[in-house]
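Okay, target-v6.tsv is below, TSV, C-alpha atoms:
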```tsv
chain	number	residue	atom	x	y	z
A	1425	MET	CA	129.20	-59.67	-33.92
A	1426	LEU	CA	132.03	-59.11	-36.41
A	1427	GLU	CA	129.62	-59.69	-39.30
A	1428	ILE	CA	127.23	-57.03	-37.99
A	1429	ILE	CA	130.08	-54.55	-37.57
A	1430	ILE	CA	131.34	-55.12	-41.11
A	1431	LYS	CA	127.83	-54.80	-42.53
A	1432	GLY	CA	127.27	-51.62	-40.50
A	1433	ILE	CA	130.47	-50.05	-41.84
A	1434	LEU	CA	129.41	-50.93	-45.39
A	1435	ILE	CA	125.96	-49.40	-44.85
A	1436	GLY	CA	127.57	-46.25	-43.42
A	1437	LEU	CA	129.73	-45.99	-46.52
A	1438	CYS	CA	126.81	-46.64	-48.88
A	1439	VAL	CA	124.70	-43.91	-47.27
A	1440	SER	CA	127.55	-41.36	-47.27
A	1441	VAL	CA	129.40	-41.99	-50.55
A	1442	PRO	CA	126.84	-40.63	-53.08
A	1443	LEU	CA	127.95	-37.05	-53.85
A	1444	GLY	CA	124.64	-35.30	-53.21
A	1445	PRO	CA	123.98	-31.90	-51.60
A	1446	ILE	CA	125.67	-32.86	-48.34
A	1447	GLY	CA	128.75	-34.17	-50.14
A	1448	MET	CA	129.10	-30.89	-52.02
A	1449	LEU	CA	128.55	-28.95	-48.81
A	1450	VAL	CA	131.28	-30.94	-47.06
A	1451	ILE	CA	133.69	-30.22	-49.92
A	1452	GLN	CA	132.81	-26.51	-49.97
A	1453	ARG	CA	133.22	-26.05	-46.22
A	1454	THR	CA	136.45	-28.02	-46.15
A	1455	PHE	CA	137.89	-25.83	-48.90
A	1456	ASN	CA	136.81	-22.61	-47.19
A	1457	ARG	CA	137.19	-23.37	-43.49
A	1458	GLY	CA	139.33	-26.44	-42.92
A	1459	GLN	CA	139.07	-30.18	-42.43
A	1460	LYS	CA	137.39	-30.16	-39.02
A	1461	TYR	CA	134.52	-28.04	-40.38
A	1462	GLY	CA	134.03	-30.44	-43.25
A	1463	ILE	CA	134.00	-33.42	-40.90
A	1464	ALA	CA	131.52	-31.61	-38.61
A	1465	THR	CA	129.26	-31.08	-41.62
A	1466	GLY	CA	129.51	-34.72	-42.64
A	1467	LEU	CA	128.83	-35.85	-39.07
A	1468	GLY	CA	125.70	-33.70	-38.96
A	1469	ALA	CA	124.34	-35.62	-41.94
A	1470	THR	CA	125.50	-38.91	-40.43
A	1471	PHE	CA	123.73	-38.31	-37.11
A	1472	SER	CA	120.57	-37.47	-39.03
A	1473	ASP	CA	120.92	-40.81	-40.83
A	1474	LEU	CA	121.45	-42.51	-37.46
A	1475	VAL	CA	118.21	-41.01	-36.14
A	1476	TYR	CA	116.42	-42.43	-39.18
A	1477	THR	CA	118.26	-45.73	-38.66
A	1478	ILE	CA	116.89	-45.99	-35.12
A	1479	ILE	CA	113.43	-45.02	-36.36
A	1480	THR	CA	113.69	-47.64	-39.10
A	1481	LEU	CA	114.69	-50.36	-36.65
A	1482	PHE	CA	112.15	-49.62	-33.93
A	1483	PHE	CA	109.27	-47.55	-35.32
A	1484	LEU	CA	109.14	-48.58	-38.97
A	1485	SER	CA	105.42	-49.10	-39.62
A	1486	PHE	CA	104.34	-45.87	-37.90
A	1487	VAL	CA	106.89	-43.71	-39.73
A	1488	LEU	CA	106.16	-45.23	-43.13
A	1489	ASP	CA	102.45	-44.53	-42.68
A	1490	PHE	CA	103.22	-40.92	-41.71
A	1491	ILE	CA	105.47	-40.42	-44.74
A	1492	GLU	CA	102.87	-41.87	-47.10
A	1493	MET	CA	100.20	-39.54	-45.66
A	1494	HIS	CA	102.37	-36.42	-45.97
A	1495	ARG	CA	104.66	-37.36	-48.86
A	1496	PHE	CA	103.78	-34.30	-50.98
A	1497	ALA	CA	104.40	-31.76	-48.21
A	1498	ILE	CA	107.61	-33.49	-47.11
A	1499	GLN	CA	109.07	-33.59	-50.62
A	1500	LEU	CA	108.04	-30.00	-51.37
A	1501	THR	CA	109.41	-28.55	-48.13
A	1502	GLY	CA	112.64	-30.54	-48.30
A	1503	SER	CA	113.28	-29.47	-51.90
A	1504	VAL	CA	112.74	-25.78	-51.11
A	1505	ILE	CA	115.13	-25.98	-48.14
A	1506	VAL	CA	117.80	-27.66	-50.27
A	1507	ALA	CA	117.45	-25.12	-53.11
A	1508	ALA	CA	117.58	-22.15	-50.70
A	1509	PHE	CA	120.68	-23.50	-49.01
A	1510	GLY	CA	122.30	-24.07	-52.41
A	1511	PHE	CA	121.65	-20.43	-53.32
A	1512	TYR	CA	123.30	-19.33	-50.07
A	1513	ILE	CA	126.39	-21.43	-50.90
A	1514	PHE	CA	126.44	-20.10	-54.48
A	1515	LYS	CA	126.51	-16.48	-53.27
A	1516	SER	CA	129.07	-17.00	-50.47
A	1517	HIS	CA	132.67	-15.92	-51.00
A	1518	PRO	CA	135.72	-17.83	-49.69
A	1519	ALA	CA	137.29	-14.63	-48.35
A	1520	ASN	CA	134.36	-14.20	-45.96
A	1521	GLN	CA	134.70	-17.70	-44.48
A	1522	PRO	CA	136.48	-18.34	-41.17
A	1523	LYS	CA	140.05	-19.58	-41.61
A	1524	PRO	CA	141.05	-22.93	-40.06
A	1525	ASN	CA	143.30	-21.24	-37.47
A	1526	GLU	CA	140.65	-18.74	-36.37
A	1527	SER	CA	138.37	-19.44	-33.43
A	1528	PHE	CA	134.65	-18.70	-33.84
A	1529	LYS	CA	132.33	-19.68	-31.03
A	1530	HIS	CA	129.89	-22.44	-31.98
A	1531	THR	CA	131.00	-22.46	-35.64
A	1532	LEU	CA	131.53	-26.22	-35.62
A	1533	LEU	CA	128.19	-26.68	-33.88
A	1534	ARG	CA	126.45	-24.50	-36.46
A	1535	ASP	CA	128.01	-26.47	-39.31
A	1536	PHE	CA	126.92	-29.70	-37.63
A	1537	ALA	CA	123.40	-28.38	-36.98
A	1538	THR	CA	122.78	-26.99	-40.47
A	1539	SER	CA	123.92	-30.24	-42.05
A	1540	PHE	CA	121.78	-32.25	-39.64
A	1541	GLY	CA	118.73	-30.10	-40.42
A	1542	LEU	CA	119.30	-30.24	-44.17
A	1543	THR	CA	119.52	-34.05	-44.12
A	1544	PHE	CA	116.70	-34.50	-41.62
A	1545	SER	CA	114.38	-32.49	-43.90
A	1546	ASN	CA	114.41	-35.48	-46.28
A	1547	PRO	CA	112.90	-38.45	-44.40
A	1548	LEU	CA	112.71	-40.39	-47.67
A	1549	VAL	CA	116.21	-41.60	-46.74
A	1550	LEU	CA	114.25	-44.14	-44.69
A	1551	PHE	CA	113.55	-46.07	-47.88
A	1552	VAL	CA	117.27	-46.10	-48.72
A	1553	LEU	CA	118.05	-47.48	-45.27
A	1554	ILE	CA	115.33	-50.11	-45.57
A	1555	ALA	CA	116.77	-51.23	-48.91
A	1556	LEU	CA	120.28	-51.43	-47.45
A	1557	PHE	CA	119.12	-53.32	-44.35
A	1558	SER	CA	117.33	-55.79	-46.60
A	1559	ARG	CA	120.29	-56.15	-48.96
A	1560	PHE	CA	122.80	-56.79	-46.18
A	1561	GLU	CA	120.35	-58.71	-43.95
A	1562	PHE	CA	121.47	-56.32	-41.23
A	1563	ILE	CA	119.03	-56.98	-38.38
A	1564	SER	CA	116.70	-59.90	-37.68
A	1565	SER	CA	114.06	-60.57	-35.04
A	1566	GLU	CA	116.63	-62.60	-33.10
A	1567	THR	CA	119.19	-59.78	-32.89
A	1568	THR	CA	119.83	-58.56	-29.34
A	1569	ILE	CA	119.74	-54.90	-28.29
A	1570	PHE	CA	123.51	-54.94	-27.66
A	1571	ILE	CA	124.30	-56.23	-31.15
A	1572	THR	CA	121.85	-53.73	-32.63
A	1573	ILE	CA	123.65	-50.87	-30.85
A	1574	CYS	CA	127.00	-52.17	-32.10
A	1575	GLY	CA	125.54	-52.23	-35.62
A	1576	ILE	CA	124.35	-48.63	-35.33
A	1577	LEU	CA	127.76	-47.51	-34.05
A	1578	SER	CA	129.46	-49.33	-36.93
A	1579	ILE	CA	127.27	-47.37	-39.38
A	1580	LEU	CA	128.62	-44.22	-37.72
A	1581	ALA	CA	132.18	-45.57	-38.05
A	1582	GLY	CA	131.71	-46.19	-41.79
A	1583	ALA	CA	130.41	-42.65	-42.32
A	1584	ILE	CA	133.27	-41.11	-40.30
A	1585	LEU	CA	135.76	-43.11	-42.37
A	1586	TRP	CA	134.26	-41.72	-45.58
A	1587	TRP	CA	134.07	-38.07	-44.47
A	1588	SER	CA	137.60	-38.18	-43.06
A	1589	THR	CA	138.87	-39.51	-46.39
A	1590	VAL	CA	136.99	-36.90	-48.43
A	1591	THR	CA	138.11	-33.97	-46.32
A	1592	PHE	CA	141.71	-35.19	-46.30
A	1593	LEU	CA	141.74	-35.30	-50.10
A	1594	VAL	CA	140.13	-31.86	-50.33
A	1595	ILE	CA	142.72	-30.33	-47.98
A	1596	HIS	CA	145.49	-31.99	-50.00
A	1597	PHE	CA	144.35	-30.33	-53.23
A	1598	LYS	CA	143.31	-27.04	-51.63
A	1599	ASN	CA	146.87	-25.69	-51.54
A	1600	LYS	CA	147.01	-25.88	-55.33
A	1601	LEU	CA	144.01	-23.55	-55.81
A	1602	ASN	CA	143.80	-19.74	-55.72
A	1603	MET	CA	140.92	-17.57	-54.41
A	1604	ARG	CA	139.16	-17.36	-57.77
A	1605	GLU	CA	139.17	-21.13	-58.11
A	1606	LEU	CA	137.88	-21.49	-54.55
A	1607	LYS	CA	135.02	-19.14	-55.39
A	1608	LEU	CA	134.29	-21.28	-58.45
A	1609	ILE	CA	134.10	-24.32	-56.14
A	1610	ASN	CA	131.47	-22.44	-54.10
A	1611	GLN	CA	129.49	-21.63	-57.21
A	1612	ILE	CA	129.63	-25.16	-58.61
A	1613	SER	CA	128.72	-26.66	-55.23
A	1614	GLY	CA	125.86	-24.22	-54.76
A	1615	LEU	CA	124.59	-24.75	-58.31
A	1616	ILE	CA	124.54	-28.53	-57.92
A	1617	ILE	CA	122.65	-28.23	-54.63
A	1618	ILE	CA	120.16	-25.79	-56.22
A	1619	ILE	CA	119.60	-28.20	-59.14
A	1620	VAL	CA	118.98	-31.09	-56.74
A	1621	GLY	CA	116.44	-28.96	-54.85
A	1622	VAL	CA	114.67	-27.72	-58.00
A	1623	VAL	CA	114.51	-31.22	-59.52
A	1624	GLY	CA	113.10	-32.55	-56.26
A	1625	PHE	CA	110.52	-29.74	-56.22
A	1626	ILE	CA	109.43	-30.48	-59.80
A	1627	LEU	CA	109.23	-34.23	-59.20
A	1628	SER	CA	107.08	-33.66	-56.12
A	1629	LEU	CA	104.56	-31.79	-58.29
A	1630	ILE	CA	104.36	-34.54	-60.92
```

Any chance you could give the structure as structure tokens?
Amino acid sequence: MLEIIIKGILIGLCVSVPLGPIGMLVIQRTFNRGQKYGIATGLGATFSDLVYTIITLFFLSFVLDFIEMHRFAIQLTGSVIVAAFGFYIFKSHPANQPKPNESFKHTLLRDFATSFGLTFSNPLVLFVLIALFSRFEFISSETTIFITICGILSILAGAILWWSTVTFLVIHFKNKLNMRELKLINQISGLIIIIVGVVGFILSLI
């Protein structure tokens, strides 16, 4: 049991640590809105990964066949969504963002949902999960449902640990930045996300 939990935490960290579009989005939202909004964004991505984790564990062959049949459309659509969202971030201004002490109905839910949708639009993360499960020998045919659930929850715990750490560090350095520098953070974050989307679009055409 302890071994599965440790492996799950490590897998959660491995999936979350790479500073891709979601990582930049978490940083941008934490800078502009506060730590809880950044964590909500990270959790949206994490829950998307958990959905794919469950799919990987229980419906692997069916999903892989579907992805192979529609790989081109999936890559193309996902890349366009990522690039469009990056452009939105690039054009946004910190002064127009809700402040941490302001209350906006469903704002946390929207941040969670947009992050979930952005991550879920890239089902190729399944192959990353498969590689990690194989590397860590995460689940075997003899693993019980209870232990499997504990493993899935430990993946969530690893991701929460990472996003909490990232947002804490961002908040710590935020007080040292002025509005112009915060806007620059938006532009850099948005530009990186746009590049990731455009590169993905080009690679899907090759």

Find the spatial neighbours of Ser1628 of chain A, counting all atoms listed in the file, within a cut-off of 12 Å - ignore same-chain residues fewer than 2 positions away - and output them as a CSV table (one decimal) with C-alpha atoms, in the coordinates of the input.
```
chain,number,residue,atom,x,y,z
A,1494,HIS,CA,102.4,-36.4,-46.0
A,1495,ARG,CA,104.7,-37.4,-48.9
A,1496,PHE,CA,103.8,-34.3,-51.0
A,1497,ALA,CA,104.4,-31.8,-48.2
A,1498,ILE,CA,107.6,-33.5,-47.1
A,1499,GLN,CA,109.1,-33.6,-50.6
A,1500,LEU,CA,108.0,-30.0,-51.4
A,1501,THR,CA,109.4,-28.6,-48.1
A,1502,GLY,CA,112.6,-30.5,-48.3
A,1503,SER,CA,113.3,-29.5,-51.9
A,1504,VAL,CA,112.7,-25.8,-51.1
A,1621,GLY,CA,116.4,-29.0,-54.8
A,1622,VAL,CA,114.7,-27.7,-58.0
A,1623,VAL,CA,114.5,-31.2,-59.5
A,1624,GLY,CA,113.1,-32.6,-56.3
A,1625,PHE,CA,110.5,-29.7,-56.2
A,1626,ILE,CA,109.4,-30.5,-59.8
A,1630,ILE,CA,104.4,-34.5,-60.9
```

One-decimal distance in Å that lies between atom CA of Ala1464 of chain A and atom CA of Trp1586 of chain A: 12.6 Å

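Between atom CA of Phe1511 of chain A and atom CA of Ile1619 of chain A lies a distance of 9.9 Å.
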
Compile the contact shell of Gly1468 of chain A as number ranges by chain: residues with an atom at most 8 Å away, counting all atoms listed in the file, same-chain residues fewer than 2 positions apart removed. A: 1464-1466, 1470-1472, 1535-1541

Dump as an mmCIF file, in the coordinates of the input, selection limited to C-alpha atoms:
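After the write, result03.cif holds the following:
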```cif
data_model
loop_
_atom_site.group_PDB
_atom_site.id
_atom_site.type_symbol
_atom_site.label_atom_id
_atom_site.label_comp_id
_atom_site.auth_asym_id
_atom_site.auth_seq_id
_atom_site.Cartn_x
_atom_site.Cartn_y
_atom_site.Cartn_z
ATOM 1 C CA ALA A 1464 131.520 -31.610 -38.610
ATOM 2 C CA THR A 1465 129.260 -31.080 -41.620
ATOM 3 C CA GLY A 1466 129.510 -34.720 -42.640
ATOM 4 C CA THR A 1470 125.500 -38.910 -40.430
ATOM 5 C CA PHE A 1471 123.730 -38.310 -37.110
ATOM 6 C CA SER A 1472 120.570 -37.470 -39.030
ATOM 7 C CA ASP A 1535 128.010 -26.470 -39.310
ATOM 8 C CA PHE A 1536 126.920 -29.700 -37.630
ATOM 9 C CA ALA A 1537 123.400 -28.380 -36.980
ATOM 10 C CA THR A 1538 122.780 -26.990 -40.470
ATOM 11 C CA SER A 1539 123.920 -30.240 -42.050
ATOM 12 C CA PHE A 1540 121.780 -32.250 -39.640
ATOM 13 C CA GLY A 1541 118.730 -30.100 -40.420
#
```

Excluding Ile1429 of chain A and its own-chain neighbours fewer than 5 positions away, which residues fall within 8 Å of it when counting only C-alpha atoms? Please give them as an MDAnalysis selection string. chainID A and resid 1574:1575 1578:1579

Please, could you write that set of residues out with C-alpha atoms as a compact mmCIF listing (two decimals), in the frame of the given file?
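Output file selection.txt is given in full below:
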```txt
# COMPACT_ATOMS: atom_id res chain seq x y z
CA CYS A 1574 127.00 -52.17 -32.10
CA GLY A 1575 125.54 -52.23 -35.62
CA SER A 1578 129.46 -49.33 -36.93
CA ILE A 1579 127.27 -47.37 -39.38
```
